[in-house]
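> Here you go, this is run.pdb (PDB, C-alpha atoms).
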ATOM      1  CA  ALA A   1     -27.258-291.273  -5.129  1.00  0.00           C
ATOM      2  CA  GLY A   2     -24.109-293.368  -4.649  1.00  0.00           C
ATOM      3  CA  ARG A   3     -25.492-295.397  -1.771  1.00  0.00           C
ATOM      4  CA  LEU A   4     -28.830-295.822  -3.528  1.00  0.00           C
ATOM      5  CA  LEU A   5     -27.047-296.928  -6.707  1.00  0.00           C
ATOM      6  CA  HIS A   6     -25.192-299.573  -4.712  1.00  0.00           C
ATOM      7  CA  ALA A   7     -28.491-300.677  -3.133  1.00  0.00           C
ATOM      8  CA  ALA A   8     -30.037-300.857  -6.628  1.00  0.00           C
ATOM      9  CA  ALA A   9     -27.089-302.944  -7.856  1.00  0.00           C
ATOM     10  CA  LEU A  10     -27.607-305.325  -4.929  1.00  0.00           C
ATOM     11  CA  LEU A  11     -31.313-305.536  -5.717  1.00  0.00           C
ATOM     12  CA  THR A  12     -30.749-306.281  -9.394  1.00  0.00           C
ATOM     13  CA  ALA A  13     -27.886-308.696  -8.595  1.00  0.00           C
ATOM     14  CA  GLU A  14     -25.615-306.911 -11.035  1.00  0.00           C
ATOM     15  CA  PRO A  15     -21.920-306.268 -10.433  1.00  0.00           C
ATOM     16  CA  PRO A  16     -21.564-302.690  -9.088  1.00  0.00           C
ATOM     17  CA  ALA A  17     -19.012-301.769 -11.772  1.00  0.00           C
ATOM     18  CA  ALA A  18     -21.432-302.511 -14.623  1.00  0.00           C
ATOM     19  CA  ALA A  19     -25.022-302.197 -13.514  1.00  0.00           C
ATOM     20  CA  PRO A  20     -27.171-300.771 -16.313  1.00  0.00           C
ATOM     21  CA  ARG A  21     -30.436-302.154 -14.914  1.00  0.00           C
ATOM     22  CA  ALA A  22     -29.623-300.729 -11.498  1.00  0.00           C
ATOM     23  CA  GLN A  23     -28.847-297.342 -13.038  1.00  0.00           C
ATOM     24  CA  ARG A  24     -32.159-297.338 -14.923  1.00  0.00           C
ATOM     25  CA  LEU A  25     -34.010-298.401 -11.782  1.00  0.00           C
ATOM     26  CA  LEU A  26     -32.411-295.644  -9.708  1.00  0.00           C
ATOM     27  CA  THR A  27     -32.860-292.989 -12.400  1.00  0.00           C
ATOM     28  CA  ALA A  28     -36.572-293.755 -12.598  1.00  0.00           C
ATOM     29  CA  ALA A  29     -36.894-293.708  -8.791  1.00  0.00           C
ATOM     30  CA  LEU A  30     -35.045-290.385  -8.494  1.00  0.00           C
ATOM     31  CA  ALA A  31     -37.068-288.857 -11.331  1.00  0.00           C
ATOM     32  CA  ARG A  32     -40.326-289.857  -9.685  1.00  0.00           C
ATOM     33  CA  THR A  33     -39.111-288.602  -6.310  1.00  0.00           C
ATOM     34  CA  TYR A  34     -38.158-285.252  -7.842  1.00  0.00           C
ATOM     35  CA  ALA A  35     -41.427-284.951  -9.761  1.00  0.00           C
ATOM     36  CA  GLU A  36     -43.558-285.690  -6.692  1.00  0.00           C
ATOM     37  CA  TRP A  37     -41.428-283.846  -4.145  1.00  0.00           C
ATOM     38  CA  ASP A  38     -43.165-281.166  -2.113  1.00  0.00           C
ATOM     39  CA  PRO A  39     -40.744-279.186   0.080  1.00  0.00           C
ATOM     40  CA  ARG A  40     -43.536-278.537   2.575  1.00  0.00           C
ATOM     41  CA  HIS A  41     -43.494-282.217   3.526  1.00  0.00           C
ATOM     42  CA  VAL A  42     -41.314-283.236   6.404  1.00  0.00           C
ATOM     43  CA  GLU A  43     -40.342-286.515   4.749  1.00  0.00           C
ATOM     44  CA  ASP A  44     -36.647-287.025   4.078  1.00  0.00           C
ATOM     45  CA  PRO A  45     -35.906-287.049   0.318  1.00  0.00           C
ATOM     46  CA  TYR A  46     -33.521-290.011   0.757  1.00  0.00           C
ATOM     47  CA  ASP A  47     -36.271-292.032   2.440  1.00  0.00           C
ATOM     48  CA  ARG A  48     -38.701-291.133  -0.355  1.00  0.00           C
ATOM     49  CA  ALA A  49     -36.170-292.081  -3.055  1.00  0.00           C
ATOM     50  CA  ARG A  50     -35.489-295.392  -1.269  1.00  0.00           C
ATOM     51  CA  GLN A  51     -39.237-296.047  -1.164  1.00  0.00           C
ATOM     52  CA  MET A  52     -39.575-295.292  -4.888  1.00  0.00           C
ATOM     53  CA  LEU A  53     -36.597-297.564  -5.610  1.00  0.00           C
ATOM     54  CA  ALA A  54     -38.174-300.414  -3.613  1.00  0.00           C
ATOM     55  CA  GLN A  55     -41.560-299.970  -5.289  1.00  0.00           C
ATOM     56  CA  ARG A  56     -40.078-299.897  -8.781  1.00  0.00           C
ATOM     57  CA  PHE A  57     -37.956-302.960  -7.984  1.00  0.00           C
ATOM     58  CA  ILE A  58     -41.020-304.838  -6.734  1.00  0.00           C
ATOM     59  CA  ARG A  59     -42.904-304.051  -9.955  1.00  0.00           C
ATOM     60  CA  GLU A  60     -40.061-305.219 -12.185  1.00  0.00           C
ATOM     61  CA  ALA A  61     -38.702-308.046 -10.033  1.00  0.00           C
ATOM     62  CA  TRP A  62     -41.179-310.755 -10.897  1.00  0.00           C
ATOM     63  CA  ARG A  63     -40.651-310.391 -14.638  1.00  0.00           C
ATOM     64  CA  VAL A  64     -36.864-310.533 -14.216  1.00  0.00           C
ATOM     65  CA  HIS A  65     -37.093-313.420 -11.751  1.00  0.00           C
ATOM     66  CA  VAL A  66     -39.178-315.448 -14.206  1.00  0.00           C
ATOM     67  CA  ARG A  67     -36.612-314.802 -16.956  1.00  0.00           C
ATOM     68  CA  ARG A  68     -33.815-315.899 -14.621  1.00  0.00           C
ATOM     69  CA  LEU A  69     -35.629-319.111 -13.775  1.00  0.00           C
ATOM     70  CA  SER A  70     -36.070-319.837 -17.468  1.00  0.00           C
ATOM     71  CA  GLY A  71     -32.342-320.059 -18.032  1.00  0.00           C
ATOM     72  CA  ARG A  72     -30.864-316.591 -17.789  1.00  0.00           C
ATOM     73  CA  SER A  73     -28.669-316.517 -14.709  1.00  0.00           C
ATOM     74  CA  ALA A  74     -28.298-313.486 -12.456  1.00  0.00           C
ATOM     75  CA  ALA A  75     -24.843-312.295 -11.581  1.00  0.00           C
ATOM     76  CA  GLY A  76     -23.702-310.881  -8.299  1.00  0.00           C
ATOM     77  CA  VAL A  77     -23.539-312.127  -4.779  1.00  0.00           C
ATOM     78  CA  LEU A  78     -27.275-311.879  -4.144  1.00  0.00           C
ATOM     79  CA  GLY A  79     -28.229-313.503  -7.458  1.00  0.00           C
ATOM     80  CA  VAL A  80     -29.176-316.765  -5.730  1.00  0.00           C
ATOM     81  CA  LEU A  81     -31.957-315.047  -3.787  1.00  0.00           C
ATOM     82  CA  GLY A  82     -35.493-314.450  -4.970  1.00  0.00           C
ATOM     83  CA  PRO A  83     -36.671-310.857  -5.439  1.00  0.00           C
ATOM     84  CA  GLN A  84     -38.493-310.545  -2.112  1.00  0.00           C
ATOM     85  CA  GLU A  85     -35.600-312.052  -0.170  1.00  0.00           C
ATOM     86  CA  ARG A  86     -33.138-309.774  -1.956  1.00  0.00           C
ATOM     87  CA  LEU A  87     -35.256-306.678  -1.288  1.00  0.00           C
ATOM     88  CA  VAL A  88     -35.717-307.490   2.398  1.00  0.00           C
ATOM     89  CA  LEU A  89     -32.026-308.320   2.858  1.00  0.00           C
ATOM     90  CA  VAL A  90     -30.885-305.072   1.210  1.00  0.00           C
ATOM     91  CA  LEU A  91     -33.342-302.941   3.191  1.00  0.00           C
ATOM     92  CA  ARG A  92     -32.641-304.662   6.516  1.00  0.00           C
ATOM     93  CA  LEU A  93     -28.874-305.179   6.374  1.00  0.00           C
ATOM     94  CA  TYR A  94     -27.538-302.677   3.836  1.00  0.00           C
ATOM     95  CA  GLU A  95     -29.945-299.802   4.480  1.00  0.00           C
ATOM     96  CA  GLY A  96     -30.264-300.600   8.199  1.00  0.00           C
ATOM     97  CA  LEU A  97     -34.051-300.449   8.412  1.00  0.00           C
ATOM     98  CA  SER A  98     -35.873-302.249  11.197  1.00  0.00           C
ATOM     99  CA  ALA A  99     -38.303-305.066  10.460  1.00  0.00           C
ATOM    100  CA  GLU A 100     -41.169-302.672  11.189  1.00  0.00           C
ATOM    101  CA  GLN A 101     -39.861-300.019   8.785  1.00  0.00           C
ATOM    102  CA  THR A 102     -39.187-302.602   6.079  1.00  0.00           C
ATOM    103  CA  ALA A 103     -42.663-304.093   6.461  1.00  0.00           C
ATOM    104  CA  ALA A 104     -44.264-300.667   6.174  1.00  0.00           C
ATOM    105  CA  LEU A 105     -42.127-299.734   3.168  1.00  0.00           C
ATOM    106  CA  ILE A 106     -42.918-302.809   1.081  1.00  0.00           C
ATOM    107  CA  GLY A 107     -46.390-303.596   2.406  1.00  0.00           C
ATOM    108  CA  LEU A 108     -45.775-306.983   3.978  1.00  0.00           C
ATOM    109  CA  PRO A 109     -46.539-308.167   7.516  1.00  0.00           C
ATOM    110  CA  GLU A 110     -43.629-307.728   9.911  1.00  0.00           C
ATOM    111  CA  GLU A 111     -43.395-311.464  10.595  1.00  0.00           C
ATOM    112  CA  ARG A 112     -43.122-312.172   6.853  1.00  0.00           C
ATOM    113  CA  VAL A 113     -40.246-309.690   6.630  1.00  0.00           C
ATOM    114  CA  ARG A 114     -38.466-311.491   9.477  1.00  0.00           C
ATOM    115  CA  VAL A 115     -38.952-314.883   7.791  1.00  0.00           C
ATOM    116  CA  LEU A 116     -37.715-313.610   4.418  1.00  0.00           C
ATOM    117  CA  CYS A 117     -34.650-312.033   6.013  1.00  0.00           C
ATOM    118  CA  ALA A 118     -33.808-315.153   8.014  1.00  0.00           C
ATOM    119  CA  ARG A 119     -34.217-317.329   4.907  1.00  0.00           C
ATOM    120  CA  ALA A 120     -31.993-315.010   2.861  1.00  0.00           C
ATOM    121  CA  VAL A 121     -29.279-314.953   5.535  1.00  0.00           C
ATOM    122  CA  THR A 122     -29.407-318.761   5.777  1.00  0.00           C
ATOM    123  CA  THR A 123     -29.097-319.076   2.000  1.00  0.00           C
ATOM    124  CA  MET A 124     -26.145-316.698   1.883  1.00  0.00           C
ATOM    125  CA  ARG A 125     -24.421-318.486   4.777  1.00  0.00           C
ATOM    126  CA  GLY A 126     -24.929-321.839   3.069  1.00  0.00           C
ATOM    127  CA  ARG A 127     -23.467-320.447  -0.111  1.00  0.00           C
ATOM    128  CA  GLY A 128     -20.442-319.120   1.797  1.00  0.00           C
ATOM    129  CA  ALA A 129     -19.928-322.416   3.640  1.00  0.00           C
ATOM    130  CA  GLY A 130     -20.073-324.291   0.315  1.00  0.00           C
ATOM    131  CA  ARG A 131     -17.336-322.072  -1.109  1.00  0.00           C
ATOM    132  CA  GLU A 132     -15.149-322.591   1.953  1.00  0.00           C
ATOM    133  CA  ARG A 133     -15.516-326.373   1.743  1.00  0.00           C
ATOM    134  CA  ALA A 134     -14.791-326.263  -1.981  1.00  0.00           C
ATOM    135  CA  ALA A 135     -11.613-324.317  -1.273  1.00  0.00           C
ATOM    136  CA  GLY A 136     -10.534-326.960   1.256  1.00  0.00           C
ATOM    137  CA  ARG A 137     -11.019-324.811   4.349  1.00  0.00           C
ATOM    138  CA  ALA A 138     -13.172-325.643   7.327  1.00  0.00           C
ATOM    139  CA  ALA A 139     -16.667-324.132   7.289  1.00  0.00           C
ATOM    140  CA  ALA A 140     -17.060-320.981   9.337  1.00  0.00           C
ATOM    141  CA  ARG A 141     -18.972-321.174  12.588  1.00  0.00           C
ATOM    142  CA  PRO A 142     -22.463-319.776  12.043  1.00  0.00           C
ATOM    143  CA  ALA A 143     -22.978-316.340  13.511  1.00  0.00           C
ATOM    144  CA  PRO A 144     -26.157-315.310  15.302  1.00  0.00           C
ATOM    145  CA  SER A 145     -28.983-314.316  13.000  1.00  0.00           C
ATOM    146  CA  ALA A 146     -28.615-310.827  11.546  1.00  0.00           C
ATOM    147  CA  CYS A 147     -32.396-310.507  11.229  1.00  0.00           C
ATOM    148  CA  PRO A 148     -33.980-310.800  14.659  1.00  0.00           C
TER     149      PRO A 148
END
Before anything else, please render the file you have as structure tokens.

Amino acid sequence: AGRLLHAAALLTAEPPAAAPRAQRLLTAALARTYAEWDPRHVEDPYDRARQMLAQRFIREAWRVHVRRLSGRSAAGVLGVLGPQERLVLVLRLYEGLSAEQTAALIGLPEERVRVLCARAVTTMRGRGAGRERAAGRAAARPAPSACP
């Protein structure tokens, strides 16, 4: 559950050291996975738990995103991203899923997943370049897109 807890912390944009929302999200996902688990299925329990985590995040994300837009700021590195962008970025780059797998997992068209990932990477790069300029260093050369 350690890797899934870190993924949940990235999704909720909470600092990994203190992530109560991420812990609640993961606990609910693991509980549902355990309750619905049938050992006769060939599906990997980690994949099922990741799917439950993504589904629960999707259900809760809009409500949290609306609160954040109304003045409550999200912490964490990925806090500047919207919920869909954050979910796609975590699944694609942190979990290492392909665009096809991510699209199937969250129920979006593959092209939409690619667009969301590219937008999220661009946002994060822009945020990093802004920090470098603010610190008086030259901006880093952009790397090739991480989300083909």
> Apply the PyMOL selection byres ((chain A and resi 3) around 12) to the structure shown and report the selected residues as a list in words.
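For this structure, the PyMOL selection byres ((chain A and resi 3) around 12) resolves to Ala1, Gly2, Leu4, Leu5, His6, Ala7, Ala8, Ala9, Leu10, Pro16, Ala22, Gln23, Leu26, Tyr46, Ala49, Arg50, Leu53, Val90, Leu91, Tyr94 and Glu95 of chain A.
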> Can I get the selection written as a short mmCIF file (atom, residue, chain, number, x, y, z; two decimals), in the frame of the given file, with C-alpha atoms?

data_model
loop_
_atom_site.label_atom_id
_atom_site.label_comp_id
_atom_site.auth_asym_id
_atom_site.auth_seq_id
_atom_site.Cartn_x
_atom_site.Cartn_y
_atom_site.Cartn_z
CA ALA A 1 -27.26 -291.27 -5.13
CA GLY A 2 -24.11 -293.37 -4.65
CA LEU A 4 -28.83 -295.82 -3.53
CA LEU A 5 -27.05 -296.93 -6.71
CA HIS A 6 -25.19 -299.57 -4.71
CA ALA A 7 -28.49 -300.68 -3.13
CA ALA A 8 -30.04 -300.86 -6.63
CA ALA A 9 -27.09 -302.94 -7.86
CA LEU A 10 -27.61 -305.32 -4.93
CA PRO A 16 -21.56 -302.69 -9.09
CA ALA A 22 -29.62 -300.73 -11.50
CA GLN A 23 -28.85 -297.34 -13.04
CA LEU A 26 -32.41 -295.64 -9.71
CA TYR A 46 -33.52 -290.01 0.76
CA ALA A 49 -36.17 -292.08 -3.06
CA ARG A 50 -35.49 -295.39 -1.27
CA LEU A 53 -36.60 -297.56 -5.61
CA VAL A 90 -30.88 -305.07 1.21
CA LEU A 91 -33.34 -302.94 3.19
CA TYR A 94 -27.54 -302.68 3.84
CA GLU A 95 -29.94 -299.80 4.48
#
> Step by step, work through what the PyMOL selection byres ((chain A and resi 77) around 9) selects in the shown file, and finish by giving those residues as a count of residues only.
11
> Residues at most 12 Å from A:Gln55, counting all atoms listed in the file, excluding those fewer than 3 positions away in the same chain, as a list in words?
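After dropping sequence-adjacent residues, the list is Ala8, Leu11, Leu25, Leu26, Ala28, Ala29, Arg32, Thr33, Arg48, Ala49, Arg50, Gln51, Met52, Ile58, Arg59, Glu60, Ala61, Pro83, Gln84, Leu87, Thr102, Ala104, Leu105, Ile106 and Gly107 of chain A.
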> Any idea what the distance is between atom CA of A:Gly82 and atom CA of A:Ala103?
17.0 Å
> One decimal, in Å: what's the spacing between atom CA of A:Leu97 and atom CA of A:Ala54?
12.7 Å
> I want to know what sits within 10 Å of stretch 111-115 of chain A, based on all atoms listed in the file, with residues of the same chain fewer than 2 positions away left out; could you give that as a list in words?
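Returned residues: Gln84, Glu85, Leu87, Val88, Leu89, Arg92, Ser98, Ala99, Glu100, Gln101, Thr102, Ala103, Ala104, Ile106, Gly107, Leu108, Pro109, Cys117, Ala118, Arg119, Ala120, Val121, Cys147 and Pro148 of chain A.
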> Would you compute the distance between atom CA of A:Tyr34 and atom CA of A:Asp47? Give it in Å to one decimal.
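Computing it gives 12.5 Å between the two atoms.
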